[in-house]
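Peer 1: Input protein_27.cif, format and content: mmCIF, C-alpha atoms and all ligand atoms.
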```cif
data_final
#
loop_
_atom_site.label_atom_id
_atom_site.label_comp_id
_atom_site.auth_asym_id
_atom_site.auth_seq_id
_atom_site.Cartn_x
_atom_site.Cartn_y
_atom_site.Cartn_z
CA MET A 30 0.00 0.00 0.00
CA SER A 31 2.98 2.32 0.53
CA GLU A 32 2.98 3.36 -3.14
CA LEU A 33 -0.53 4.71 -2.73
CA TYR A 34 0.64 7.21 -0.16
CA ALA A 35 4.16 7.96 -1.41
CA ALA A 36 4.91 11.72 -1.51
CA PRO A 37 4.91 12.96 -5.13
CA PRO A 38 8.19 14.47 -6.41
CA ARG A 39 8.28 18.28 -6.18
CA HIS A 40 8.10 20.39 -9.38
CA ASP A 41 7.83 23.88 -7.94
CA GLY A 42 11.16 25.17 -9.21
CA ALA A 43 12.48 25.58 -5.66
CA ALA A 44 13.82 22.08 -5.86
CA ASN A 45 15.24 22.67 -9.32
CA PRO A 46 17.16 25.94 -9.82
CA ASP A 47 17.80 25.09 -13.51
CA ALA A 48 14.10 25.31 -14.17
CA ARG A 49 14.00 28.89 -12.82
CA ARG A 50 16.96 29.98 -14.93
CA GLY A 51 15.55 28.56 -18.15
CA GLY A 52 12.34 30.69 -18.06
CA VAL A 53 9.46 29.49 -20.29
CA THR A 54 11.35 26.50 -21.66
CA ALA A 55 12.14 25.15 -18.21
CA ALA A 56 8.55 25.74 -17.11
CA THR A 57 7.29 23.82 -20.13
CA VAL A 58 9.68 20.96 -19.40
CA ALA A 59 8.63 20.96 -15.77
CA ALA A 60 4.95 20.86 -16.78
CA ALA A 61 5.63 17.98 -19.16
CA ASN A 62 7.58 16.15 -16.46
CA SER A 63 4.82 16.75 -14.01
CA ALA A 64 2.24 15.34 -16.44
CA GLU A 65 4.48 12.32 -17.01
CA ASP A 66 4.89 11.85 -13.27
CA ALA A 67 1.16 12.13 -12.78
CA VAL A 68 0.60 9.36 -15.34
CA GLU A 69 3.30 7.26 -13.67
CA ARG A 70 1.74 7.81 -10.24
CA ALA A 71 -1.73 6.99 -11.55
CA THR A 72 -0.38 3.80 -13.12
CA ALA A 73 1.34 2.83 -9.86
CA VAL A 74 -1.89 3.47 -7.94
CA ALA A 75 -3.91 1.45 -10.48
CA ASP A 76 -1.38 -1.40 -10.23
CA THR A 77 -1.59 -1.35 -6.45
CA VAL A 78 -5.39 -1.30 -6.50
CA ALA A 79 -5.43 -4.20 -8.97
CA ARG A 80 -2.90 -6.18 -6.93
CA THR A 81 -4.82 -5.55 -3.71
CA ALA A 82 -8.05 -6.69 -5.38
CA ILE A 83 -6.34 -9.87 -6.57
CA GLU A 84 -4.92 -10.54 -3.10
CA GLN A 85 -8.33 -9.97 -1.51
CA ALA A 86 -10.07 -12.29 -4.00
CA ASP A 87 -7.38 -14.90 -3.36
CA ARG A 88 -7.81 -14.68 0.41
CA ALA A 89 -11.60 -14.72 0.10
CA MET A 90 -11.53 -17.95 -1.92
CA ARG A 91 -9.56 -19.70 0.84
CA HIS A 92 -11.45 -18.55 3.94
CA TRP A 93 -15.13 -18.82 4.61
CA THR A 94 -17.26 -19.15 7.73
CA ASP A 95 -21.02 -18.99 7.97
CA PRO A 96 -21.88 -16.03 10.22
CA THR A 97 -24.74 -17.91 11.90
CA PRO A 98 -23.31 -19.51 15.06
CA GLY A 99 -24.22 -22.87 16.54
CA PRO A 100 -24.13 -26.49 15.44
CA VAL A 101 -25.49 -27.54 12.06
CA ARG A 102 -27.07 -30.92 11.46
CA ILE A 103 -25.75 -32.66 8.35
CA GLY A 104 -28.63 -33.04 5.89
CA SER A 105 -30.60 -30.10 7.31
CA PRO A 106 -31.74 -27.05 5.29
CA GLN A 107 -29.04 -25.01 7.13
CA HIS A 108 -26.44 -27.49 5.97
CA LEU A 109 -27.63 -27.10 2.35
CA ARG A 110 -27.48 -23.32 2.71
CA MET A 111 -24.03 -23.51 4.24
CA PHE A 112 -22.27 -25.60 1.62
CA SER A 113 -24.01 -23.80 -1.26
CA ASN A 114 -23.03 -20.39 0.13
CA MET A 115 -19.49 -21.60 0.75
CA LEU A 116 -19.06 -22.27 -2.96
CA LEU A 117 -20.88 -19.14 -4.14
CA GLN A 118 -19.17 -16.72 -1.77
CA THR A 119 -15.63 -18.02 -2.28
CA HIS A 120 -15.76 -17.67 -6.06
CA ASN A 121 -12.66 -15.95 -7.41
CA PRO A 122 -13.64 -13.79 -10.38
CA TYR A 123 -10.34 -14.02 -12.29
CA LYS A 124 -10.48 -13.84 -16.08
CA PRO A 125 -8.42 -16.44 -17.96
CA ALA A 126 -8.11 -14.13 -20.98
CA VAL A 127 -6.04 -11.59 -19.02
CA ILE A 128 -3.72 -14.03 -17.27
CA GLU A 129 -0.16 -13.10 -18.08
CA TRP A 130 1.71 -16.34 -18.67
CA PRO A 131 5.28 -15.81 -17.48
CA LYS A 132 8.09 -16.10 -19.99
CA LEU A 133 9.94 -19.35 -19.42
CA SER A 134 13.60 -20.16 -19.86
CA PRO A 135 14.23 -22.74 -22.63
CA ASP A 136 14.80 -25.42 -19.95
CA ALA A 137 11.60 -24.66 -18.06
CA LEU A 138 9.65 -24.46 -21.31
CA ALA A 139 10.93 -27.90 -22.35
CA ARG A 140 9.90 -29.31 -18.96
CA VAL A 141 6.40 -27.83 -19.20
CA THR A 142 5.74 -28.88 -22.80
CA SER A 143 7.02 -32.43 -22.27
CA LEU A 144 4.68 -33.21 -19.35
CA PRO A 145 2.27 -35.92 -20.48
CA ILE A 146 -0.77 -34.27 -18.92
CA TRP A 147 -2.12 -31.58 -21.18
CA ASP A 148 -4.52 -33.63 -23.35
CA ILE A 149 -6.03 -35.44 -20.42
CA ALA A 150 -6.26 -32.25 -18.35
CA VAL A 151 -8.13 -30.32 -21.07
CA GLN A 152 -10.46 -33.24 -21.74
CA THR A 153 -11.13 -33.86 -18.05
CA GLU A 154 -12.23 -30.25 -17.60
CA GLY A 155 -14.39 -30.45 -20.75
CA ARG A 156 -16.13 -33.58 -19.48
CA ALA A 157 -16.46 -32.20 -15.94
CA SER A 158 -18.13 -29.01 -17.12
CA ILE A 159 -20.80 -30.77 -19.23
CA ARG A 160 -21.47 -33.33 -16.47
CA VAL A 161 -21.90 -30.69 -13.77
CA LYS A 162 -24.05 -28.49 -16.01
CA THR A 163 -26.28 -31.42 -17.00
CA PHE A 164 -26.83 -32.35 -13.37
CA ALA A 165 -27.46 -28.70 -12.41
CA GLU A 166 -30.35 -28.60 -14.88
CA THR A 167 -32.15 -31.33 -12.89
CA VAL A 168 -31.97 -29.39 -9.60
CA THR A 169 -34.96 -27.28 -8.56
CA ASP A 170 -33.70 -25.70 -5.33
CA PRO A 171 -32.59 -22.22 -6.50
CA LEU A 172 -29.58 -21.84 -4.16
CA LEU A 173 -28.21 -25.32 -4.87
CA ARG A 174 -28.88 -24.78 -8.56
CA SER A 175 -26.85 -21.56 -8.62
CA ALA A 176 -23.99 -23.22 -6.71
CA LEU A 177 -23.96 -26.09 -9.21
CA ASP A 178 -24.11 -23.65 -12.12
CA MET A 179 -21.10 -21.88 -10.64
CA ASP A 180 -19.24 -25.18 -10.17
CA GLY A 181 -19.89 -26.10 -13.84
CA GLY A 182 -18.87 -22.59 -14.92
CA GLU A 183 -15.59 -22.91 -13.02
CA GLU A 184 -14.87 -26.23 -14.75
CA ALA A 185 -15.46 -24.54 -18.10
CA ARG A 186 -13.11 -21.77 -16.98
CA HIS A 187 -10.42 -24.32 -16.03
CA LYS A 188 -10.60 -25.58 -19.60
CA VAL A 189 -10.12 -22.03 -20.90
CA VAL A 190 -7.16 -21.48 -18.52
CA LEU A 191 -5.55 -24.68 -19.78
CA SER A 192 -6.16 -23.82 -23.43
CA LYS A 193 -4.58 -20.40 -22.86
CA LEU A 194 -1.57 -22.01 -21.17
CA VAL A 195 -1.20 -24.54 -23.97
CA GLU A 196 -1.46 -21.74 -26.53
CA ALA A 197 1.02 -19.50 -24.67
CA TYR A 198 3.69 -22.21 -24.55
CA GLY A 199 3.00 -23.77 -27.95
CA ILE A 200 2.08 -27.20 -26.54
CA PRO A 201 0.59 -29.44 -29.26
CA LEU A 202 -2.71 -31.06 -28.29
CA ALA A 203 -4.41 -34.16 -29.69
CA PRO A 204 -7.73 -33.39 -31.43
CA GLU A 205 -10.43 -32.97 -28.80
CA PRO A 206 -13.30 -35.44 -28.61
CA ASP A 207 -16.95 -34.35 -28.28
CA TYR A 208 -18.30 -33.89 -24.79
CA PRO A 209 -21.82 -35.32 -24.95
CA PRO A 210 -24.10 -34.81 -21.92
CA PRO A 211 -24.36 -38.00 -19.81
CA ASP A 212 -27.52 -40.12 -20.21
CA ASP A 213 -27.84 -40.25 -16.42
CA PRO A 214 -27.13 -36.75 -15.03
CA GLU A 215 -26.72 -38.05 -11.47
CA TRP A 216 -24.18 -40.66 -12.60
CA GLY A 217 -22.19 -37.98 -14.45
CA TRP A 218 -22.15 -35.71 -11.39
CA LEU A 219 -21.12 -38.54 -9.05
CA VAL A 220 -18.32 -39.62 -11.42
CA THR A 221 -16.99 -36.06 -11.62
CA GLY A 222 -17.31 -35.46 -7.87
CA TYR A 223 -15.56 -38.64 -6.73
CA SER A 224 -12.89 -38.49 -9.44
CA GLU A 225 -12.07 -34.96 -8.28
CA CYS A 226 -11.79 -36.30 -4.73
CA ILE A 227 -9.09 -38.74 -5.92
CA ASP A 228 -7.27 -36.50 -8.40
CA SER A 229 -7.26 -33.33 -6.30
CA PHE A 230 -5.79 -35.13 -3.30
CA PHE A 231 -2.74 -36.20 -5.33
CA ALA A 232 -2.63 -32.93 -7.29
CA PHE A 233 -2.31 -31.01 -3.98
CA GLY A 234 0.87 -32.95 -3.15
CA LEU A 235 2.34 -32.82 -6.65
CA PHE A 236 1.73 -29.11 -6.85
CA ALA A 237 3.47 -28.49 -3.54
CA MET A 238 6.35 -30.67 -4.67
CA ALA A 239 6.72 -28.83 -7.99
CA LYS A 240 6.75 -25.59 -6.02
CA ARG A 241 9.37 -26.77 -3.53
CA SER A 242 11.71 -28.39 -6.01
CA GLY A 243 11.68 -25.32 -8.26
CA TYR A 244 10.94 -27.68 -11.16
CA PHE A 245 8.62 -24.98 -12.49
CA PRO A 246 9.34 -21.26 -12.18
CA ALA A 247 7.57 -19.78 -9.16
CA GLU A 248 5.54 -17.35 -11.32
CA LEU A 249 4.01 -20.22 -13.28
CA VAL A 250 3.13 -22.08 -10.08
CA GLU A 251 1.55 -18.90 -8.66
CA THR A 252 -0.42 -18.30 -11.86
CA PHE A 253 -1.91 -21.77 -11.65
CA GLU A 254 -2.50 -21.79 -7.89
CA PRO A 255 -6.17 -20.56 -7.90
CA VAL A 256 -7.19 -23.48 -10.13
CA ILE A 257 -5.87 -25.98 -7.58
CA GLN A 258 -7.65 -24.25 -4.69
CA GLU A 259 -10.83 -24.21 -6.78
CA GLU A 260 -10.69 -27.99 -7.04
CA GLY A 261 -10.35 -28.04 -3.24
CA ARG A 262 -13.58 -26.01 -2.94
CA HIS A 263 -15.28 -28.33 -5.42
CA ILE A 264 -14.54 -31.49 -3.47
CA LEU A 265 -15.53 -29.80 -0.20
CA PHE A 266 -18.84 -28.80 -1.81
CA PHE A 267 -19.29 -32.25 -3.34
CA VAL A 268 -18.80 -34.31 -0.17
CA ASN A 269 -21.24 -32.07 1.71
CA TRP A 270 -23.76 -32.33 -1.11
CA ALA A 271 -23.40 -36.15 -1.12
CA ALA A 272 -24.02 -36.35 2.65
CA TRP A 273 -26.96 -33.93 2.47
CA TYR A 274 -28.47 -35.76 -0.51
CA ARG A 275 -28.16 -39.20 1.09
CA ARG A 276 -29.86 -38.03 4.29
CA ASN A 277 -32.73 -36.54 2.31
CA LEU A 278 -33.46 -39.64 0.24
CA PRO A 279 -36.45 -41.76 1.30
CA TRP A 280 -35.14 -44.82 3.23
CA TRP A 281 -35.98 -47.24 0.41
CA ARG A 282 -33.83 -45.34 -2.09
CA ARG A 283 -30.74 -45.21 0.12
CA PRO A 284 -29.48 -48.75 -0.64
CA LEU A 285 -29.82 -48.06 -4.38
CA PHE A 286 -27.88 -44.84 -3.99
CA ALA A 287 -25.17 -46.62 -1.98
CA LEU A 288 -24.92 -49.20 -4.76
CA LYS A 289 -24.61 -46.45 -7.36
CA VAL A 290 -21.81 -44.80 -5.38
CA ALA A 291 -20.02 -48.18 -5.14
CA ARG A 292 -20.38 -48.58 -8.92
CA VAL A 293 -18.92 -45.09 -9.41
CA TRP A 294 -15.88 -46.01 -7.30
CA ALA A 295 -15.44 -49.29 -9.20
CA PHE A 296 -15.64 -47.39 -12.48
CA LEU A 297 -13.08 -44.80 -11.31
CA ILE A 298 -10.63 -47.45 -10.12
CA TRP A 299 -11.02 -49.35 -13.40
CA GLU A 300 -10.56 -46.10 -15.33
CA ARG A 301 -7.37 -45.28 -13.40
CA ILE A 302 -5.94 -48.75 -13.89
CA GLY A 303 -6.66 -48.35 -17.62
CA ILE A 304 -5.04 -44.93 -17.75
CA ALA A 305 -2.02 -46.24 -15.84
CA ARG A 306 -1.63 -48.87 -18.57
CA GLY A 307 -1.87 -46.12 -21.20
CA ILE A 308 -5.41 -46.92 -22.29
CA ASP A 309 -8.39 -44.65 -21.57
CA ALA A 310 -11.95 -45.68 -20.74
CA ASP A 311 -12.79 -45.95 -24.46
CA GLY A 312 -9.78 -48.11 -25.22
CA VAL A 313 -7.78 -45.28 -26.77
CA ALA A 314 -4.10 -44.77 -25.91
CA GLN A 315 -3.82 -41.97 -23.37
CA ASP A 316 -1.43 -40.00 -21.23
CA ALA A 317 0.10 -41.46 -18.11
CA ASN A 318 -1.95 -41.45 -14.94
CA PHE A 319 -0.38 -38.28 -13.83
CA THR A 320 -1.88 -37.26 -10.54
CA MET A 321 -1.21 -40.64 -8.95
CA ASN A 322 2.34 -41.22 -10.13
CA GLY A 323 3.47 -37.90 -11.49
CA SER A 324 6.28 -37.40 -8.99
CA GLU A 325 8.84 -39.06 -11.27
CA ALA A 326 7.82 -36.82 -14.16
CA LEU A 327 8.36 -33.81 -11.90
CA GLY A 328 11.92 -34.93 -11.32
CA ASP A 329 11.66 -35.12 -7.55
CA SER A 330 13.16 -37.82 -5.43
CA LEU A 331 10.50 -37.95 -2.69
CA SER A 332 9.84 -41.49 -1.49
CA PRO A 333 6.24 -42.74 -1.94
CA GLY A 334 5.76 -42.43 1.83
CA ALA A 335 6.97 -38.84 1.93
CA MET A 336 4.76 -38.09 -1.06
CA ILE A 337 1.68 -39.42 0.77
CA ASP A 338 2.62 -37.34 3.82
CA LEU A 339 2.87 -34.26 1.64
CA CYS A 340 -0.54 -34.95 0.01
CA LEU A 341 -2.11 -35.37 3.46
CA ALA A 342 -0.53 -32.18 4.82
CA GLU A 343 -1.53 -30.17 1.75
CA ASN A 344 -5.05 -31.55 1.86
CA ASP A 345 -5.39 -30.38 5.48
CA ARG A 346 -3.88 -26.99 4.69
CA ARG A 347 -6.16 -26.33 1.73
CA MET A 348 -9.28 -27.31 3.69
CA ALA A 349 -8.31 -25.45 6.87
CA GLY A 350 -9.80 -22.06 5.99
CA TYR A 351 -13.41 -23.19 5.59
CA ASP A 352 -16.16 -23.43 8.20
CA GLU A 353 -15.34 -26.27 10.58
CA ARG A 354 -18.95 -27.40 10.60
CA LEU A 355 -18.71 -28.54 6.97
CA LEU A 356 -17.68 -32.14 6.34
CA ARG A 357 -14.21 -32.72 4.85
CA PRO A 358 -13.36 -35.17 2.04
CA GLU A 359 -12.38 -38.26 4.05
CA THR A 360 -12.32 -41.39 1.87
CA VAL A 361 -9.14 -40.72 -0.09
CA PRO A 362 -7.13 -39.31 2.87
CA ARG A 363 -8.22 -42.35 4.92
CA LEU A 364 -7.10 -44.76 2.18
CA ALA A 365 -3.84 -42.82 1.87
CA ARG A 366 -3.21 -43.04 5.63
CA PHE A 367 -3.89 -46.77 5.44
CA ALA A 368 -1.51 -47.21 2.46
CA ARG A 369 1.09 -45.12 4.30
CA ARG A 370 1.53 -47.91 6.85
CA PHE A 371 2.92 -50.19 4.15
CA VAL A 372 5.18 -47.84 2.20
CA LYS A 373 8.39 -46.09 3.13
FE FE A 401 -11.58 -28.43 -12.90
FE FE A 402 -13.60 -29.20 -10.13
#
```
Once more with this new file: its structure as structure tokens, please.
Ligand SMILES: [Fe+2]
Ligand SMILES: [Fe+2]
Peer 2:
Amino acid sequence: MSELYAAPPRHDGAANPDARRGGVTAATVAAANSAEDAVERATAVADTVARTAIEQADRAMRHWTDPTPGPVRIGSPQHLRMFSNMLLQTHNPYKPAVIEWPKLSPDALARVTSLPIWDIAVQTEGRASIRVKTFAETVTDPLLRSALDMDGGEEARHKVVLSKLVEAYGIPLAPEPDYPPPDDPEWGWLVTGYSECIDSFFAFGLFAMAKRSGYFPAELVETFEPVIQEEGRHILFFVNWAAWYRRNLPWWRRPLFALKVARVWAFLIWERIGIARGIDADGVAQDANFTMNGSEALGDSLSPGAMIDLCLAENDRRMAGYDERLLRPETVPRLARFARRFVK
């Protein structure tokens, strides 16, 4: 903020005897200088205002507490209001079109372009956005509907961010497939929600590792940071929605829903095994399963155990700023803690 209040340079002649001696010419120069300085100061103020706005939006997306005190029952109308408002009120209004992609050194550029993730990342966001939007259209509650619309809109924005990044660094992409709406909107939403729970957990750790190891320039990591936090908000929203939804189903539909969730998990595990073998769900050769074993590609020597610890710590850190009364994503961290007992 100091630039906002910095004393302007003096142009009254007293500070510049040459200006007095030169008569009209010096006065004209001084006036021109003063105009230039004014423009410079205005630009500095505008930059500071813009930077402060960005910092505030960034902080706001990471911290949120419902002002109404007291306990909240999971599945209650207050719970629905709380997790919907969490997503709506922590939205960061950044515009992908104005992101300045930092210039990379030839080395860093080669590292970024050679990562085997860009096709699958763009396509995942494309599929996520149509799945969330399709499910949103089935929802009648206006607050939940607007939260879901925002979630779908953010997925579409992730795809734009990625396309801008790919364009800025000249990364070649495979031709994109179509993104048809799912036949079963609820299935599509559950697949997106739970797959984000898996992928984000590992992405949190990988991202922290890339940041620590300096594998990517800090400016690039910072530029991408809001997207990662957004996925954190999405899974927080999703697990609360899932708990709220389950509690509000009539008793006879709950076993069917549990079965559907189990089928979603089976599908996601099968899909990840396929991707790990280089084959996607449609039998087409695909990129490596990056979020789950990307540490080698990022050139870091963390042991699998240390990697799991980092994912767990990052998961806690990214969730820490939101209302404690909201449920946290638990399944993947629990599985990771279990796996941690067997790996070094
Ligand atoms: Fe996304
Ligand atoms: Fe997401």
Peer 1: List as a list in words the protein and nucleic acid residues lying within 6 Å of ligand FE 402 (chain A), with only C-alpha atoms and all ligand atoms counted.
Peer 2: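 Checking only C-alpha atoms and all ligand atoms against ligand FE 402 (chain A) at 6 Å gives Glu184, Glu260 and His263 of chain A.
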Peer 1: State, in Å with one decimal place, the distance from atom CA of A:Glu154 to atom CA of A:Gly303.
Peer 2: 18.9 Å
Peer 1: Rank nothing, just name the residue among A:Ala73, A:Ala55, A:Val256, A:Leu109 nearest to ligand FE 401 (chain A), using all atoms listed in the file.
Peer 2: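 Among the listed residues, the smallest separation from ligand FE 401 (chain A) belongs to A:Val256.
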Peer 1: Grab me every residue within 12 Å of ligand FE 401 (chain A), counting all atoms listed in the file, and send it over as an MDAnalysis selection string.
Peer 2: chainID A and resid 149:161 179:191 221:222 224:226 228:229 232 253 255:264
Peer 1: Pick the closest to A:Gly243 from A:Ile103, A:Ala137, A:Ala203, A:Ala59: which is it, counting only C-alpha atoms?
Peer 2: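 Distance minimum relative to A:Gly243 lands on A:Ala137.
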Peer 1: Could you work out how far atom CA of A:Thr169 lies from atom CA of A:Glu359, giving the answer in Å with one decimal?
Peer 2: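 Computing the Euclidean distance for atom CA of A:Glu359 and atom CA of A:Thr169 yields 28.1 Å.
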Peer 1: Which one of A:Leu219, A:Leu235, A:Met90, A:Leu285 sits closest to A:Pro333 if you count all atoms listed in the file?
Peer 2: A:Leu235
Peer 1: Which residues come within 12 Å of A:Ala272, counting only C-alpha atoms, excluding same-chain residues fewer than 2 positions away, as a PyMOL selection string?
Peer 2: chain A and resi 102-105+108-109+112+265-270+274-278+283+286-287+290+355-359
Peer 1: To one decimal place, how far is atom CA of A:Glu215 from atom CA of A:Lys289 in Å?
Peer 2: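 Going from atom CA of A:Glu215 over to atom CA of A:Lys289, I get 9.6 Å.
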Peer 1: Compare A:Leu339, A:Ile302, A:Ala60, A:Ala349 by their minimum atom-to-atom distance to A:Phe230, counting only C-alpha atoms, and give me the closest one.
Peer 2: A:Leu339
Peer 1: Between A:Arg292, A:Arg354, A:Arg369, A:Arg363, which is the closest to A:Met336 once you count all atoms listed in the file?
Peer 2: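 Using all atoms listed in the file, A:Met336 sits closest to A:Arg369.
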Peer 1: Taking (-31.7, -35.1, -12.1) as a centre in this file's frame and 7 Å as the limit, can you find every polymer residue with an atom that close, using only C-alpha atoms, and give them as a PDB file with C-alpha atoms, keeping the file's coordinate frame?
Peer 2:
```pdb
ATOM      1  CA  PHE A 164     -26.830 -32.350 -13.370  1.00  0.00           C
ATOM      2  CA  THR A 167     -32.150 -31.330 -12.890  1.00  0.00           C
ATOM      3  CA  VAL A 168     -31.970 -29.390  -9.600  1.00  0.00           C
ATOM      4  CA  PRO A 214     -27.130 -36.750 -15.030  1.00  0.00           C
ATOM      5  CA  GLU A 215     -26.720 -38.050 -11.470  1.00  0.00           C
TER       6      GLU A 215
END
```
Peer 1: Kindly output stretch 348-371 of chain A as a PDB file, in the coordinates of the input, after building N, CA and C atoms.
Peer 2:
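Output file result-v3.pdb is given in full below:
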```pdb
ATOM      1  N   MET A 348      -7.914 -27.252   3.147  1.00  0.00           N
ATOM      2  CA  MET A 348      -9.280 -27.310   3.690  1.00  0.00           C
ATOM      3  C   MET A 348      -9.426 -26.462   4.962  1.00  0.00           C
ATOM      4  N   ALA A 349      -8.288 -26.037   5.523  1.00  0.00           N
ATOM      5  CA  ALA A 349      -8.310 -25.450   6.870  1.00  0.00           C
ATOM      6  C   ALA A 349      -9.089 -24.141   6.981  1.00  0.00           C
ATOM      7  N   GLY A 350      -9.201 -23.389   5.875  1.00  0.00           N
ATOM      8  CA  GLY A 350      -9.800 -22.060   5.990  1.00  0.00           C
ATOM      9  C   GLY A 350     -11.325 -22.040   5.941  1.00  0.00           C
ATOM     10  N   TYR A 351     -11.951 -23.191   5.759  1.00  0.00           N
ATOM     11  CA  TYR A 351     -13.410 -23.190   5.590  1.00  0.00           C
ATOM     12  C   TYR A 351     -14.100 -23.618   6.887  1.00  0.00           C
ATOM     13  N   ASP A 352     -15.351 -23.186   6.997  1.00  0.00           N
ATOM     14  CA  ASP A 352     -16.160 -23.430   8.200  1.00  0.00           C
ATOM     15  C   ASP A 352     -15.973 -24.871   8.714  1.00  0.00           C
ATOM     16  N   GLU A 353     -15.622 -24.952   9.983  1.00  0.00           N
ATOM     17  CA  GLU A 353     -15.340 -26.270  10.580  1.00  0.00           C
ATOM     18  C   GLU A 353     -16.549 -27.177  10.617  1.00  0.00           C
ATOM     19  N   ARG A 354     -17.741 -26.580  10.515  1.00  0.00           N
ATOM     20  CA  ARG A 354     -18.950 -27.400  10.600  1.00  0.00           C
ATOM     21  C   ARG A 354     -19.237 -28.150   9.309  1.00  0.00           C
ATOM     22  N   LEU A 355     -18.541 -27.784   8.223  1.00  0.00           N
ATOM     23  CA  LEU A 355     -18.710 -28.540   6.970  1.00  0.00           C
ATOM     24  C   LEU A 355     -17.897 -29.833   7.038  1.00  0.00           C
ATOM     25  N   LEU A 356     -18.424 -30.886   6.398  1.00  0.00           N
ATOM     26  CA  LEU A 356     -17.680 -32.140   6.340  1.00  0.00           C
ATOM     27  C   LEU A 356     -16.460 -31.962   5.439  1.00  0.00           C
ATOM     28  N   ARG A 357     -15.409 -32.732   5.699  1.00  0.00           N
ATOM     29  CA  ARG A 357     -14.210 -32.720   4.850  1.00  0.00           C
ATOM     30  C   ARG A 357     -14.193 -33.988   4.004  1.00  0.00           C
ATOM     31  N   PRO A 358     -13.549 -33.924   2.806  1.00  0.00           N
ATOM     32  CA  PRO A 358     -13.360 -35.170   2.040  1.00  0.00           C
ATOM     33  C   PRO A 358     -12.521 -36.136   2.883  1.00  0.00           C
ATOM     34  N   GLU A 359     -13.050 -37.338   3.120  1.00  0.00           N
ATOM     35  CA  GLU A 359     -12.380 -38.260   4.050  1.00  0.00           C
ATOM     36  C   GLU A 359     -11.896 -39.560   3.402  1.00  0.00           C
ATOM     37  N   THR A 360     -12.620 -40.040   2.375  1.00  0.00           N
ATOM     38  CA  THR A 360     -12.320 -41.390   1.870  1.00  0.00           C
ATOM     39  C   THR A 360     -10.875 -41.512   1.374  1.00  0.00           C
ATOM     40  N   VAL A 361     -10.473 -40.603   0.500  1.00  0.00           N
ATOM     41  CA  VAL A 361      -9.140 -40.720  -0.090  1.00  0.00           C
ATOM     42  C   VAL A 361      -8.042 -40.495   0.966  1.00  0.00           C
ATOM     43  N   PRO A 362      -8.143 -39.445   1.818  1.00  0.00           N
ATOM     44  CA  PRO A 362      -7.130 -39.310   2.870  1.00  0.00           C
ATOM     45  C   PRO A 362      -7.055 -40.549   3.764  1.00  0.00           C
ATOM     46  N   ARG A 363      -8.220 -41.160   4.062  1.00  0.00           N
ATOM     47  CA  ARG A 363      -8.220 -42.350   4.920  1.00  0.00           C
ATOM     48  C   ARG A 363      -7.485 -43.502   4.229  1.00  0.00           C
ATOM     49  N   LEU A 364      -7.793 -43.704   2.935  1.00  0.00           N
ATOM     50  CA  LEU A 364      -7.100 -44.760   2.180  1.00  0.00           C
ATOM     51  C   LEU A 364      -5.603 -44.487   2.118  1.00  0.00           C
ATOM     52  N   ALA A 365      -5.255 -43.187   1.955  1.00  0.00           N
ATOM     53  CA  ALA A 365      -3.840 -42.820   1.870  1.00  0.00           C
ATOM     54  C   ALA A 365      -3.141 -43.097   3.195  1.00  0.00           C
ATOM     55  N   ARG A 366      -3.812 -42.779   4.316  1.00  0.00           N
ATOM     56  CA  ARG A 366      -3.210 -43.040   5.630  1.00  0.00           C
ATOM     57  C   ARG A 366      -3.019 -44.533   5.850  1.00  0.00           C
ATOM     58  N   PHE A 367      -3.986 -45.312   5.326  1.00  0.00           N
ATOM     59  CA  PHE A 367      -3.890 -46.770   5.440  1.00  0.00           C
ATOM     60  C   PHE A 367      -2.687 -47.264   4.602  1.00  0.00           C
ATOM     61  N   ALA A 368      -2.605 -46.779   3.356  1.00  0.00           N
ATOM     62  CA  ALA A 368      -1.510 -47.210   2.460  1.00  0.00           C
ATOM     63  C   ALA A 368      -0.154 -46.800   3.042  1.00  0.00           C
ATOM     64  N   ARG A 369      -0.148 -45.668   3.759  1.00  0.00           N
ATOM     65  CA  ARG A 369       1.090 -45.120   4.300  1.00  0.00           C
ATOM     66  C   ARG A 369       1.771 -46.094   5.260  1.00  0.00           C
ATOM     67  N   ARG A 370       0.968 -46.962   5.904  1.00  0.00           N
ATOM     68  CA  ARG A 370       1.530 -47.910   6.850  1.00  0.00           C
ATOM     69  C   ARG A 370       2.416 -48.942   6.149  1.00  0.00           C
ATOM     70  N   PHE A 371       2.196 -49.128   4.856  1.00  0.00           N
ATOM     71  CA  PHE A 371       2.920 -50.190   4.150  1.00  0.00           C
ATOM     72  C   PHE A 371       4.026 -49.679   3.226  1.00  0.00           C
TER      73      PHE A 371
END
```
